[in-house]
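Engineer: Just dropping this structure here.
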Amino acid sequence: MKKREKETMENPLNEEKDPMELSKKFYENSMGYVNKNSGAMRFLPSLLFIGFVFVMSVWFIFGEKAEYSSSEKRYLQKFPETTFSKIADGTFSENFEKYFADHFPNRNFWVGFDAYYNLELGNNGANGVYYCKGDYLINKPVPEINNLEKNIKAVTDFKKLIPNTPMTVLFAPSTGYIINDALPKVHDTYNDDSYFDYAQKTLAENQTAFVDLRQTFKDAYQQHIKLYYRTDHHWTTSGAYIAYTKLCEQLGITPFPKNQFTAQNYDGFYGTTYSTSGFWNIPPESIQVRTNPANSENNITVTITEGTKTNEYHSLYFYNHLEEDDKYPVFLDGNHPLTTIQNTNAQNGTIILIKDSFSHCFAPFLAENYRKVILVDMRYYKQNVSQMVAVEQPEQVVVLYGIDNFLTDTDIVWLG
Amino acid sequence: MVFSSLVFLFAYLTLTLLVYYTIGYKFRNIFLFFINLVFYGWGEPLLVFLMVFNIFFNYLGGWLVDKYRTNQKKKKLFLILTCVLDIGILAVFKYTNMITETLNMLPFLSIPKVDISLPIGISFYTFQTMSYVIDVYRNDAPVSKNFINFGTYVALFPQLIAGPIVRYRDVAYQLEHRTETLDRFTKGVKIFCVGLGKKVLIANQMGSLTTALFESTHQNGLLGTWVGIIAYTFQIYFDFSGYSDMACGLGNMFGFEFLKNFNYPYIATSITDFWRRWHISLSTWFKEYVYIPLGGNRKGVKRQIINLLIVWGLTGLWHGASYNFIFWGLYYGILLIIEKFVLKKFLDKLPKVLQHIYTMFIVIIGWGLFYFTDVKQLFEFLGNLFNVSNGFFSEYSFNFTMNYLPMMCIALIASTPLGATLYQKLSRTRYIWIAETVFCGIVLFVSTASLVNQSYNPFLYFRF
């Protein structure tokens with residue numbers, strides 16, 4: 001290297017030097033200690049690393065790509081479009097990352113592993129679901145800041161639109177509130193008491209009846225009745241039946257006797273809390289269908305309206321759903337904007353249910369009493385409900401929700 | 001693209017390693033240059049051109065400075081031109097919004113808001129290229145004679161988006177003459193796994209805790225707020241140092257060696273000590289390219305204090321385009337000045353425990369300034385740290401704390417050199433490879449599970 005001019009002003013220590021030489025020295029001294037005692041075994045971490053990433057990469061490339069994830073109930077990301085504009089604006093990379101994650105080899109295994117890892121580290125509820133005693137999986141309570149007041153107001157406002165039609169509100173208490181003793185030691189409080197008290201008070205001031213299931217359910221739980229599924233957020237058929245008798249009491253009608261139903265259990269049910277939790281080792285449970293042997297195609301009609309399409313069936317139960325892991329849609333085929341049950345054998349007239357999915361196993365009981373049970377799901381039904389009341393002239397309107405759903409719902413406000 | 005993602009680990013890295021080690025010695029740098037652009041362009045497809053432009057004019061700047069080495073005037077002119085362009089681009093892309101917002105506070109001004117998104121890593125690569133030109137000017141770095149090699153240096157994916165700020169002078173030799181050995185590769189794998197574990201297994205968990213507790217600090221109570229800021233203190237260290245470790249490890253896998261960026265900052269015994277251990281490449285940069293040129297401590301105490309305040313104001317500003325970062329920088333500047341001129345003698349006499357407590361207290365409060373970009377939230381947070389008007393420990397924050405307590409204990413231990421000391425002691429034994437392999441295996445396995453679970457997204461309100 002040729003000599004270069006000294007630059008004492010900027011850097012006083014800078015004397016004759018060769019920066020490349022310094023750079024070389026830095027590199028040569030940087031390797032640090034190498035443990036040759038282990039022989040070739042010292043390379044094992046590399047072998048493991050390379051082996052792992054290469055095996056997973058190759059597995060990804062050749063592995064089968066599912067279209068639909070039944071545990072997440074959603075369609076998985078398809079291979080993204082590779083047009084120039086999609087690549088330039090970054091959508092390609094974004095979607096490719098989703099695609100990669102969605103089709104990662106053995107995806108559910110990893111999800112489960114992580115769920116148990118968090119659980120073992122003391123973080124029960126990391127996925128939003130508590131792992132409880134007796135293999136119960138229970139959703140964490142809804143945050144204290146929620147839509148209760150807004151939604152109750154929507155209900156009372158709705159009552160003002162239908163002053164001449166009696167209205168009753170019924171909430172299923174949250175699973176964690178009732179099955180409190182199964183919860184892990186560290187858990188957030190289920191504030192059902194304050195929610196129910198508020199609802200009861202506000203509804204009473206607005207000529208709306210309220211069926212308070214808290215004590216009934218607590219008592220039933222003490223008698224070891226299984227009110228809620230272990231792997232699902234819904235109440236069981238038993239839970240729904242108890243709620244039904246309690247509603248009948250309020251409405252002054254006679255509930256259809258339990259012993260006249262034929263109960264049939266179906267095994268292998270894995271519900272929503274199971275899917276959310278990732279605790280794949282939890283055993284499945286059974287789901288019960290109680291049918292009235294007197295019902296037949298001749299007296300039962302179920303009309304399901306989805307958009308502009310309307311389909312008619314002659315059964316309250318959709319047994320094809322028993323083939324799936326999540327068997328709950330066996331009741332009334334799951335969520336639809338508008339479902340109407342007609343039973344020509346029943347005594348009473350029309351009842352309208354403004355509801356979430358808790359009423360799917362509940363409504364078949366009501367259909368024993370009412371000739372027409374109309375189920376309106378505000379999450380999907382976008383038409384005027386008070387107008388429906390005016391047309392249908394129901395004897396009763398019932399608002400039926402699981403309390404957690406009611407607290408988080410953002411669609412009840414469209415009732416008015 | 002980030003290192004802690006499935007696409008990076010199982011697609012990009014696999015492919016890059018495969019090609020890199022099969023195409024032959026000659027093409028390594030051309031390939032790296034190209035694949036670096038893919039890495040960068042993955043998240044910022046069009047901003048690749050900005051980076052290439054930056055590489056180009058800094059390469060040219062270095063070349064001109066070197067060419068006119070004997071002509072002081074021209075040499076200086078080209079240095080200044082290059083630096084102005086560097087800082088200008090950084091200012092436009094990073095600080096335009098902050099500047100217009102500030103100017104708009106003047107009642108008679110209303111500059112329309114321009115939507116400029118911050119190009120990833122621009123703060124890092126701008127500082128790298130500036131260090132190159134300045135070093136060439138000072139003859140601290142050799143001039144680069146190969147555009148591809150220079151481009152490979154600037155865009156080198158391991159350190160591109162989150163540092164460390166690698167100076168050209170440190171890697172000049174490696175760019176041409178590095179040797180990829182299995183030993184270096186293995187060293188890289190080990191460091192990479194340490195970094196991956198820090199990021200995915202500790203930082204992400206601490207991040208969840210921070211998010212939960214900082215949603216609104218008044219729902220936590222006093223102790224809960226402290227837990228929140230401690231969780232954030234862990235998160236930011238494990239996140240950042242995890243990235244740096246992964247960068248060093250990845251560098252090793254391709255035959256490079258970078259300087260260490262973190263040296264257990266949370267065991268520091270003073271603020272001065274903390275900044276010798278935290279983000280070392282950045283402190284070094286500001287010291288070498290701002291503090292010393294400004295005169296450092298050679299022009300009297302008054303000037304030194306001003307220099308320190310300038311350096312720390314800029315250090316703060318570098319971290320983000322928001323005033324709280326400037327405050328955060330000045331907070332450290334002022335504390336360092338106090339420490340240097342007043343407290344030092346007193347501090348040295350204190351027992352070690354109190355020195356640690358003093359340092360961590362300042363650092364933790366500092367992260368509060370760093371976290372809350374909103375002044376109102378910041379004051380609410382500071383209030384909640386010191387008064388019990390919102391309770392002592394709410395159920396909400398208590399439960400979160402209990403759930404993350406084991407992880408916090410792990411984080412606490414992992415932020416001390418305990419593990420490293422133990423490893424140092426055993427590293428010469430014959431069977432250390434068992435521990436190393438098991439450690440890497442566990443980290444890789446659990447991190448993969450955690451990354452997959454992040455993508456697991458049950459959509460339960462549809463069709464159930």
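In the structure tokens, chains take the letters A, B, ... in the order shown, each chain's residues start at 1, and ligands count up from 1 in the order shown.
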If we count only C-alpha atoms, which residues of chain B reach to within 6 Å of chain A? Please list them as a list of chain:residue names.
Structural biologist: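 The answer, sorted by residue number, is B:Phe10, B:Trp42, B:Pro45, B:Asp140, B:Ala141, B:Pro142, B:Arg169, B:Asp170, B:Tyr173, B:Thr186, B:Asn399, B:Asn403, B:Arg428, B:Arg430, B:Trp433, B:Thr437, B:Ala449, B:Ser450, B:Asn453, B:Pro458, B:Phe459, B:Phe464.
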Engineer: Would you output that residue set with N, CA and C atoms, as an mmCIF file, in the first residue's frame?
Structural biologist:
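Contents of part_37.cif, freshly written:
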data_model
loop_
_atom_site.group_PDB
_atom_site.id
_atom_site.type_symbol
_atom_site.label_atom_id
_atom_site.label_comp_id
_atom_site.auth_asym_id
_atom_site.auth_seq_id
_atom_site.Cartn_x
_atom_site.Cartn_y
_atom_site.Cartn_z
ATOM 1 N N PHE B 10 -37.983 -21.775 6.672
ATOM 2 C CA PHE B 10 -38.180 -23.013 5.929
ATOM 3 C C PHE B 10 -38.285 -22.817 4.420
ATOM 4 N N TRP B 42 -39.030 -8.515 -0.417
ATOM 5 C CA TRP B 42 -40.169 -9.314 0.032
ATOM 6 C C TRP B 42 -41.189 -8.444 0.752
ATOM 7 N N PRO B 45 -41.324 -4.270 -1.972
ATOM 8 C CA PRO B 45 -40.917 -4.553 -3.356
ATOM 9 C C PRO B 45 -40.335 -3.351 -4.095
ATOM 10 N N ASP B 140 -9.831 5.000 7.458
ATOM 11 C CA ASP B 140 -10.086 3.924 8.421
ATOM 12 C C ASP B 140 -10.646 2.701 7.722
ATOM 13 N N ALA B 141 -11.066 2.886 6.490
ATOM 14 C CA ALA B 141 -11.575 1.751 5.720
ATOM 15 C C ALA B 141 -10.969 1.805 4.330
ATOM 16 N N PRO B 142 -10.670 0.654 3.759
ATOM 17 C CA PRO B 142 -10.178 0.645 2.389
ATOM 18 C C PRO B 142 -11.324 0.969 1.451
ATOM 19 N N ARG B 169 -15.367 -1.188 7.446
ATOM 20 C CA ARG B 169 -13.972 -1.481 7.788
ATOM 21 C C ARG B 169 -13.838 -2.854 8.455
ATOM 22 N N ASP B 170 -14.903 -3.288 9.133
ATOM 23 C CA ASP B 170 -14.826 -4.581 9.812
ATOM 24 C C ASP B 170 -15.025 -5.754 8.865
ATOM 25 N N TYR B 173 -12.379 -7.069 4.531
ATOM 26 C CA TYR B 173 -11.572 -8.242 4.210
ATOM 27 C C TYR B 173 -12.448 -9.472 3.949
ATOM 28 N N THR B 186 -21.195 -24.066 12.415
ATOM 29 C CA THR B 186 -21.775 -24.604 13.645
ATOM 30 C C THR B 186 -21.885 -23.520 14.713
ATOM 31 N N ASN B 399 -53.713 -11.809 37.489
ATOM 32 C CA ASN B 399 -53.835 -13.070 36.754
ATOM 33 C C ASN B 399 -52.830 -13.160 35.614
ATOM 34 N N ASN B 403 -49.819 -15.901 35.257
ATOM 35 C CA ASN B 403 -49.691 -16.755 34.083
ATOM 36 C C ASN B 403 -48.311 -16.643 33.441
ATOM 37 N N ARG B 428 -15.203 -26.663 27.094
ATOM 38 C CA ARG B 428 -14.005 -27.410 26.729
ATOM 39 C C ARG B 428 -14.125 -28.911 27.025
ATOM 40 N N ARG B 430 -15.602 -32.774 26.753
ATOM 41 C CA ARG B 430 -15.733 -33.600 25.574
ATOM 42 C C ARG B 430 -17.177 -33.755 25.099
ATOM 43 N N TRP B 433 -21.145 -31.254 23.160
ATOM 44 C CA TRP B 433 -21.992 -31.305 21.955
ATOM 45 C C TRP B 433 -23.378 -31.853 22.256
ATOM 46 N N THR B 437 -26.503 -29.701 21.132
ATOM 47 C CA THR B 437 -27.475 -30.240 20.177
ATOM 48 C C THR B 437 -28.878 -30.258 20.779
ATOM 49 N N ALA B 449 -43.240 -24.516 16.714
ATOM 50 C CA ALA B 449 -44.611 -24.690 17.200
ATOM 51 C C ALA B 449 -45.242 -23.337 17.493
ATOM 52 N N SER B 450 -44.478 -22.478 18.120
ATOM 53 C CA SER B 450 -45.015 -21.173 18.478
ATOM 54 C C SER B 450 -45.351 -20.349 17.231
ATOM 55 N N ASN B 453 -48.462 -21.756 15.658
ATOM 56 C CA ASN B 453 -49.660 -21.433 16.438
ATOM 57 C C ASN B 453 -50.105 -19.985 16.220
ATOM 58 N N PRO B 458 -58.710 -19.762 14.454
ATOM 59 C CA PRO B 458 -60.053 -20.325 14.304
ATOM 60 C C PRO B 458 -61.087 -19.248 14.018
ATOM 61 N N PHE B 459 -61.876 -19.507 13.032
ATOM 62 C CA PHE B 459 -62.879 -18.539 12.622
ATOM 63 C C PHE B 459 -64.222 -19.094 13.031
ATOM 64 N N PHE B 464 -70.845 -22.387 12.467
ATOM 65 C CA PHE B 464 -70.907 -23.402 13.533
ATOM 66 C C PHE B 464 -72.328 -23.513 14.056
#
Engineer: What parts of segment 146-378 of chain A does DSSP call helix (DSSP H, G or I)? I'd like the answer as a PyMOL selection string.
Structural biologist: chain A and resi 148-161+175-178+180-182+192-204+214-222+237-251+258-260+272-277+319-323+328-330+357-360+363-366
Engineer: Atoms to include: C-alpha atoms. Write the selected residues as a compact mmCIF listing (two decimals), in the first residue's frame.
Structural biologist:
# COMPACT_ATOMS: atom_id res chain seq x y z
CA LEU A 148 -73.93 -5.05 27.56
CA GLU A 149 -75.51 -1.62 28.05
CA LYS A 150 -75.67 -0.88 24.35
CA ASN A 151 -77.29 -4.22 23.55
CA ILE A 152 -79.78 -4.06 26.43
CA LYS A 153 -80.74 -0.63 25.18
CA ALA A 154 -81.24 -2.06 21.69
CA VAL A 155 -83.59 -4.64 23.20
CA THR A 156 -85.61 -2.12 25.22
CA ASP A 157 -85.77 0.23 22.23
CA PHE A 158 -87.09 -2.66 20.20
CA LYS A 159 -89.74 -3.30 22.84
CA LYS A 160 -90.96 0.25 22.37
CA LEU A 161 -91.56 -0.54 18.69
CA THR A 175 -69.96 -21.86 31.51
CA GLY A 176 -67.24 -20.55 33.80
CA TYR A 177 -69.79 -18.87 36.05
CA ILE A 178 -71.70 -22.08 36.66
CA ASN A 180 -66.74 -22.36 38.77
CA ASP A 181 -65.12 -25.10 40.83
CA ALA A 182 -63.51 -26.70 37.78
CA ASP A 192 -72.45 -12.82 35.24
CA ASP A 193 -73.96 -11.56 38.50
CA SER A 194 -73.52 -7.93 37.62
CA TYR A 195 -74.62 -8.51 34.01
CA PHE A 196 -77.75 -10.42 34.99
CA ASP A 197 -78.65 -7.91 37.71
CA TYR A 198 -78.27 -5.03 35.30
CA ALA A 199 -80.33 -6.79 32.63
CA GLN A 200 -83.08 -7.74 35.08
CA LYS A 201 -83.38 -4.23 36.45
CA THR A 202 -83.29 -2.43 33.12
CA LEU A 203 -85.69 -4.82 31.41
CA ALA A 204 -88.20 -4.62 34.28
CA ARG A 214 -78.53 -18.44 37.47
CA GLN A 215 -79.96 -20.23 40.49
CA THR A 216 -81.70 -22.90 38.43
CA PHE A 217 -78.46 -23.77 36.70
CA LYS A 218 -76.42 -23.66 39.90
CA ASP A 219 -78.85 -26.08 41.53
CA ALA A 220 -78.84 -28.36 38.52
CA TYR A 221 -75.04 -28.33 38.51
CA GLN A 222 -75.06 -29.37 42.17
CA THR A 237 -79.54 -30.63 25.41
CA SER A 238 -80.15 -31.14 29.16
CA GLY A 239 -79.14 -27.56 29.85
CA ALA A 240 -81.40 -26.29 27.11
CA TYR A 241 -84.30 -28.40 28.38
CA ILE A 242 -83.99 -26.96 31.89
CA ALA A 243 -83.95 -23.47 30.42
CA TYR A 244 -87.01 -24.41 28.36
CA THR A 245 -89.00 -25.50 31.42
CA LYS A 246 -88.02 -22.27 33.13
CA LEU A 247 -89.21 -20.24 30.15
CA CYS A 248 -92.48 -22.19 30.03
CA GLU A 249 -93.04 -21.31 33.67
CA GLN A 250 -92.60 -17.64 32.78
CA LEU A 251 -94.92 -17.89 29.76
CA LYS A 258 -88.97 -35.02 29.42
CA ASN A 259 -89.89 -38.68 29.65
CA GLN A 260 -91.91 -38.54 26.45
CA THR A 272 -65.49 -24.99 19.36
CA THR A 273 -63.54 -24.56 22.60
CA TYR A 274 -61.66 -27.72 21.68
CA SER A 275 -60.75 -26.30 18.28
CA THR A 276 -59.70 -22.98 19.77
CA SER A 277 -57.67 -24.44 22.59
CA TYR A 319 -78.09 -35.97 10.96
CA ASN A 320 -75.54 -35.48 8.19
CA HIS A 321 -73.67 -33.14 10.56
CA LEU A 322 -73.02 -36.05 12.89
CA GLU A 323 -70.35 -37.12 10.42
CA TYR A 328 -73.71 -29.18 17.05
CA PRO A 329 -75.22 -28.19 13.67
CA VAL A 330 -77.26 -31.40 13.94
CA SER A 357 -76.76 -20.51 18.27
CA PHE A 358 -77.74 -21.44 21.85
CA SER A 359 -81.31 -21.66 20.67
CA HIS A 360 -80.62 -24.31 18.03
CA ALA A 363 -86.10 -24.26 19.69
CA PRO A 364 -87.12 -27.88 18.96
CA PHE A 365 -88.59 -27.99 22.49
CA LEU A 366 -90.56 -24.80 21.91
Engineer: Calculated over only C-alpha atoms, which of the candidates B:Ala91, B:Leu418, B:Leu32, B:Leu426 has the smallest distance to Leu317 of chain B?
Structural biologist: B:Ala91
Engineer: Would you work out the distance separating atom CA of Asn307 of chain B from atom CA of Val290 of chain B, expressed in Å to one decimal?
Structural biologist: 8.5 Å
Engineer: Quick one, how far is atom CA of Val133 of chain B from atom CA of Gly151 of chain B?
Structural biologist: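 Taking atom CA of Val133 of chain B as the start and atom CA of Gly151 of chain B as the end point, the length is 13.8 Å.
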Engineer: Could you list, as number ranges by chain, every residue within 8 Å of Ala346 of chain A, counting only C-alpha atoms and ignoring same-chain residues fewer than 6 positions away?
Structural biologist: A: 367-371
Engineer: Can you write just those residues out, C-alpha atoms, as a PDB file, in the first residue's frame?
Structural biologist:
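Writing the result to part-v2.pdb gives the following:
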ATOM      1  CA  ALA A 367     -91.846 -26.296  18.692  1.00  0.00           C
ATOM      2  CA  GLU A 368     -93.764 -28.799  20.831  1.00  0.00           C
ATOM      3  CA  ASN A 369     -95.822 -25.884  22.141  1.00  0.00           C
ATOM      4  CA  TYR A 370     -95.976 -23.444  19.238  1.00  0.00           C
ATOM      5  CA  ARG A 371     -97.273 -24.070  15.766  1.00  0.00           C
TER       6      ARG A 371
END
Engineer: Have a look at A:Val142, A:Cys361, A:Val302, A:Leu407 and name the one nearest to His314 of chain A; count only C-alpha atoms.
Structural biologist: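 The closest residue to His314 of chain A is A:Val302.
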